[in-house]
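A.B. asks: Sharing a structure below in structure tokens format, with a few things to ask.
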Number of protein chains: 2
Amino acid sequence: MVTIADVAQKAGVSISTVSYVMSGKRTISQETRDRVESAIDALGFSPHAGARSLASRATNVIGLQAPLRSGVDVHVIMQVVTGVVTRARTQGYDILLLASDDAKALQRAARGSMVDALLVMDVESDDPRIATLTDLPHPSVLIGLPAGRRALPCVDFDFEAAGWLAVDRLVALGHRDLALIGSPPEVMARHTSYADRLARGFLAACEANDVSGTIHPCPSTPEAAQTVDRVVSEHPSATGFLVHNEGALPHAAARLAVHGGDRFDTVALCPEDVAATVPGLADSISVPAEAIGAAATDMLCEMLAGSPRQAVRLLPPHLASATKP
Amino acid sequence: MVTIADVAQKAGVSISTVSYVMSGKRTISQETRDRVESAIDALGFSPHAGARSLASRATNVIGLQAPLRSGVDVHVIMQVVTGVVTRARTQGYDILLLASDDAKALQRAARGSMVDALLVMDVESDDPRIATLTDLPHPSVLIGLPAGRRALPCVDFDFEAAGWLAVDRLVALGHRDLALIGSPPEVMARHTSYADRLARGFLAACEANDVSGTIHPCPSTPEAAQTVDRVVSEHPSATGFLVHNEGALPHAAARLAVHGGDRFDTVALCPEDVAATVPGLADSISVPAEAIGAAATDMLCEMLAGSPRQAVRLLPPHLASATKP
DNA sequence: ATGAAAGCGCTAACAC
DNA sequence: GTGTTAGCGCTTTCAT
């Protein structure tokens with residue numbers, strides 16, 4: 001193993017000089033800096049992460065708790081993780097992927113000085129992890145927006161605005177009776193934050209536009225087709241549809257095309273590349289999952305750099321390309 | 001911060017005793033062990049990971065390089081990662097998610113003693129990372145099976161056997177003319193290991209069963225339907241289909257149902273839960289993605305524990321439930 | 001502009 | 001069965 005002492009010897013300087021060349025925390029003559037840098041390259045030296053964290057009390061690692069098992073919205077999760085990992089690296093941080101989704105895992109990582117900060121996805125309103133994070137001296141950011149007392153900084157997509165945007169778009173296309181094909185029943189029943197926020201925006205926008213709107217939970221499986229059948233038969237006047245359910249989307253879209261042909265328009269709420277694989281959409285509103293991960297990471301890095309903390313950041317929705325022929 | 005010295009003082013023992021209680025590397029009287037353990041709980045002590053790795057030259061972290069951006073087979077990747085993370089934790093390891101897919105990232109993690117070992121997904125035959133890994137003193141395992149000289153231990157699904165199994169099953173259902181709807185053209189053209197292995201097994205099994213079989217690259221998009229149209233028109237006698245393409249699967253299966261109705265049978269090769277979302281399959285052969293991740297992790301942990309290294313491990317295919325009504 | 005040296009918190013000899 | 005202590009490789013005062 002190559003140590004800082006090897007580098008110092010090879011460059012003919014002291015250990016501390018090598019350290020300062022790396023950190024830039026004190027002025028070094030150009031000549032010395034050059035010698036040290038070439039010694040570093042020549043030896044292929046990388047400072048020992050453990051030694052560094054022991055001495056400096058910083059790990060340059062961010063702990064990430066992502067819902068790996070969730071069957072729902074795999075694409076979204078993957079993209080958020082990608083955004084986090086990529087942005088973290090550009091800021092000089094690595095990502096430790098936490099195995100379990102519980103508060104214990106957060107404590108273990110934090111107390112053991114494995115991480116400088118924590119990023120947590122999929123937090124629910126009364127989640128015990130919130131209290132744990134609040135008690136920890138480490139900065140943390142939630143990806144998502146739990147309802148209730150907001151004790152921690154959050155980054156999420158603005159689902160409420162997305163509801164408005166979808167309604168505005170469908171109304172502009174001439175529809176007066178709209179239906180939201182949404183998350184699976186169990187998610188709706190839990191009053192998951194994003195489902196609720198989307199519903200709120202959707203209904204408010206319907207009212208503001210003076211059109212009618214209904215909301216329908218939908219399984220993320222081929223049974224989505226049956227849900228569509230039911231919605232269509234119970235609401236024969238509905239012609240504008242918003243689908244927010246990655247698993248159900250292909251089945252729902254296909255079924256809506258069968259029922260409505262050109263009379264129907266469907267807007268999907270999902271990552272752009274998921275929408276691209278579904279034919280016949282009027283438009284899609286893209287969930288910028290990778291950007292969310294990046295934004296959360298940025299916020300965390302700013303906190304680590306000592307900025308005053310910003311409470312909530314919601315990324316706005318945008319209409320993306322349509323796939324309708 | 002709570003240190004081992006705090007624990008030692010509170011328990012009225014020496015620092016080393018605390019250390020030995022944690023590691024179990026020497027016999028401790030039950031009474032002392034109890035006192036130490038309650039001091040640990042009472043103080044909420046977790047040993048400083050950096051200090052530990054500095055002193056013991058082991059991090060208890062495994063570096064994982066996963067193809068996060070790949071649009072293809074997100075479910076498979078997520079499941080493999082889940083398998084890795086979960087199994088690693090049960091073995092006492094944490095996972096550092098490497099940001100870039102290049103050899104430099106591996107070197108950085110290894111040289112900086114951030115990890116004890118490396119797990120790399122999606123390696124190609126002439127991948128420069130293979131040489132890097134070989135040169136490193138750290139143990140490593142590939143998830144996948146690059147063609148060519150096999151310098152490193154590998155864990156993968158037995159795609160060749162899956163080809164045989166699919167053919168046997170379709171032949172048993174009475175089909176004499178089979179078609180494999182496979183990976184996207186660019187993947188096929190690269191002669192990606194798994195696509196080649198599946199093709200080899202498929203063709204060999206067709207020959208052994210004395211039935212005819214053809215192979216067709218297919219985009220992972222709704223255009224899969226056009227591919228199916230073309231295959232059906234060019235091979236009117238084909239009635240048994242094997243689909244290996246997560247993105248194309250729903251579209252291909254639907255289209256095959258339109259063309260062939262009950263005359264056709266379709267076997268999908270994908271994770272079990274993906275197959276469950278597609279109606280009308282004769283059977284599916286499940287890609288045990290989570291098990292692959294777990295197996296690779298086990299192999300790595302065995303190497304870390306000093307076992308002689310095992311070169312290649314291929315998990316066998318199994319028929320899973322059908323969704324055909 | 002550079003060096004010397006005191007820790008950071010832990011493990012693992014080496015004592016007894 | 002338990003204690004003492006010399007490092008592990010680095011950062012960061014304190015000197016010069």
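Scheme for the structure tokens: letters A, B, ... for chains in order shown; per-chain residue numbers from 1; ligand numbers from 1 in order shown.
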Which residues of chain B come within 7 Å of chain A, and for each one, what is the closest pair of atoms and their distance in Å to one decimal, counting only C-alpha atoms, sorted by chain and residue number, as CSV?
C.D. replies:
residue,atom,partner,partner_atom,distance
B:Ser46,CA,A:Gly112,CA,4.8
B:Pro47,CA,A:Gly112,CA,5.3
B:His48,CA,A:Gly112,CA,4.6
B:Ala49,CA,A:Gly112,CA,5.5
B:Gly50,CA,A:Gly50,CA,3.7
B:Ala51,CA,A:Leu54,CA,5.6
B:Ser53,CA,A:Gly50,CA,5.8
B:Leu54,CA,A:Gly50,CA,5.5
B:Leu68,CA,A:Thr82,CA,5.9
B:Arg69,CA,A:Thr82,CA,6.9
B:Val74,CA,A:His75,CA,6.6
B:His75,CA,A:Val74,CA,6.6
B:Met78,CA,A:Leu68,CA,6.9
B:Thr82,CA,A:Leu68,CA,5.9
B:Val85,CA,A:Ala99,CA,5.5
B:Thr86,CA,A:Ala99,CA,5.8
B:Arg89,CA,A:Ala99,CA,6.4
B:Ile95,CA,A:Leu97,CA,5.5
B:Leu96,CA,A:Leu96,CA,4.5
B:Leu97,CA,A:Ile95,CA,5.5
B:Ala99,CA,A:Val85,CA,5.5
B:Arg108,CA,A:Ser46,CA,6.9
B:Arg111,CA,A:Ser46,CA,5.6
B:Gly112,CA,A:His48,CA,4.7
B:Ser113,CA,A:His48,CA,5.5
B:Met114,CA,A:Ala49,CA,5.8
B:Thr221,CA,A:Thr277,CA,5.0
B:Pro222,CA,A:Thr277,CA,5.7
B:Thr277,CA,A:Thr221,CA,5.0
B:Val278,CA,A:Pro222,CA,6.4
B:Pro279,CA,A:Pro222,CA,6.6
A.B. asks: Under the rule of at most 8 Å, produce a per-residue listing of chain D near chain A: chain, number, name, the closest pair of atoms, and the distance in Å, as a tab-separated table, using only C-alpha atoms (C1' of nucleotides).
C.D. replies:
residue	atom	partner	partner_atom	distance
D:DC8	C1'	A:Ala51	CA	7.8
D:DG9	C1'	A:Ala51	CA	5.1
D:DC10	C1'	A:Arg52	CA	4.9
D:DT11	C1'	A:Ala55	CA	5.3
A.B. asks: Can you write out the residues you just picked, keeping C-alpha atoms (C1' of nucleotides), as a compact mmCIF listing (two decimals), in the first residue's frame?
C.D. replies:
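Final output, again_5.txt:
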# COMPACT_ATOMS: atom_id res chain seq x y z
C1' DC D 8 -2.69 2.02 11.41
C1' DG D 9 -2.33 6.77 7.77
C1' DC D 10 -3.91 10.88 7.90
C1' DT D 11 -5.02 16.17 9.34
A.B. asks: What's around Val231 of chain B at 10 Å? Count only C-alpha atoms (C1' of nucleotides), leave out sequence neighbours fewer than 3 positions away in its own chain, and write the answer as a PyMOL selection string.
C.D. replies: chain B and resi 179-181+214-216+225-228+234-236+238
A.B. asks: Calculated over only C-alpha atoms (C1' of nucleotides), which of the candidates B:Ile28, B:Ala39, B:Ala11, B:Val18 has the smallest distance to chain C?
C.D. replies: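 With only C-alpha atoms (C1' of nucleotides) as the atom set, the closest residue is B:Val18.
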A.B. asks: Using only C-alpha atoms (C1' of nucleotides), find which residues of chain C lie within 9 Å of chain B and jot them down as a VMD selection string.
C.D. replies: chain C and resid 8 to 12
A.B. asks: Could those residues be written to a file, using N, CA, C and O atoms (P, O5', C5', C4', C3', O3' and C1' of nucleotides), as a CSV table (one decimal), in the first residue's frame?
C.D. replies:
chain,number,residue,atom,x,y,z
C,8,DC,P,-7.3,12.7,20.7
C,8,DC,O5',-8.1,12.2,19.4
C,8,DC,C5',-8.8,13.1,18.5
C,8,DC,C4',-9.2,12.3,17.3
C,8,DC,C3',-9.7,10.9,17.6
C,8,DC,O3',-11.1,11.0,17.6
C,8,DC,C1',-8.1,10.9,15.7
C,9,DG,P,-11.9,10.5,18.9
C,9,DG,O5',-12.0,8.9,18.6
C,9,DG,C5',-12.6,8.5,17.5
C,9,DG,C4',-12.4,7.0,17.2
C,9,DG,C3',-12.7,6.1,18.5
C,9,DG,O3',-13.4,5.0,18.0
C,9,DG,C1',-10.5,5.7,17.7
C,10,DC,P,-13.8,3.8,18.9
C,10,DC,O5',-12.9,2.7,18.4
C,10,DC,C5',-13.0,2.2,17.1
C,10,DC,C4',-11.8,1.5,16.7
C,10,DC,C3',-11.5,0.1,17.3
C,10,DC,O3',-12.0,-0.9,16.4
C,10,DC,C1',-9.5,1.4,17.1
C,11,DT,P,-12.0,-2.4,16.9
C,11,DT,O5',-10.5,-2.9,16.6
C,11,DT,C5',-10.1,-3.0,15.2
C,11,DT,C4',-8.7,-3.5,15.1
C,11,DT,C3',-8.6,-5.0,15.6
C,11,DT,O3',-7.7,-5.6,14.7
C,11,DT,C1',-7.1,-3.5,16.7
C,12,DA,P,-7.6,-7.2,14.7
C,12,DA,O5',-6.2,-7.4,15.3
C,12,DA,C5',-5.1,-6.6,14.8
C,12,DA,C4',-3.9,-6.8,15.6
C,12,DA,C3',-3.7,-8.2,16.2
C,12,DA,O3',-2.3,-8.5,16.3
C,12,DA,C1',-3.8,-6.8,18.0
A.B. asks: What separation in Å, quoted to one decimal, exists between atom CA of Asp177 of chain B and atom CA of Val267 of chain B?
C.D. replies: 13.8 Å
A.B. asks: What does the distance between atom CA of Val123 of chain A and atom CA of Arg200 of chain A come to in Å, to one decimal place?
C.D. replies: 19.5 Å
A.B. asks: Record the distance separating atom CA of Ala291 of chain A and atom CA of Phe157 of chain A, expressed in Å with one decimal.
C.D. replies: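 Straight-line distance from atom CA of Ala291 of chain A to atom CA of Phe157 of chain A works out to 9.4 Å.
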A.B. asks: Near DA13 of chain C, counting only C-alpha atoms (C1' of nucleotides), which residues have an atom at most 12 Å away, once you skip same-chain residues fewer than 5 positions from it, shown as a VMD selection string?
C.D. replies: (chain B and resid 16) or (chain D and resid 4 to 7)
A.B. asks: Segment 199-257 of chain B: which residues are strand (DSSP E or B) by DSSP, as an NGL selection string?
C.D. replies: :B and (212-216 or 240-243)
A.B. asks: Would you write out those residues with C-alpha atoms, as a tab-separated table (two decimals), in the first residue's frame?
C.D. replies:
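Contents of selection.tsv, freshly written:
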chain	number	residue	atom	x	y	z
B	212	SER	CA	-36.95	-25.33	-36.66
B	213	GLY	CA	-36.03	-22.15	-34.82
B	214	THR	CA	-35.25	-18.61	-35.84
B	215	ILE	CA	-33.91	-15.63	-33.92
B	216	HIS	CA	-35.11	-12.04	-34.19
B	240	GLY	CA	-44.05	-21.26	-30.45
B	241	PHE	CA	-42.39	-18.09	-29.19
B	242	LEU	CA	-39.74	-17.25	-26.67
B	243	VAL	CA	-39.51	-13.58	-25.70
A.B. asks: With distances taken over only C-alpha atoms, which of A:Gly280, A:Gly174, A:Ala275, A:Val232 is nearest to Ala253 of chain A?
C.D. replies: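 Using only C-alpha atoms, Ala253 of chain A sits closest to A:Gly280.
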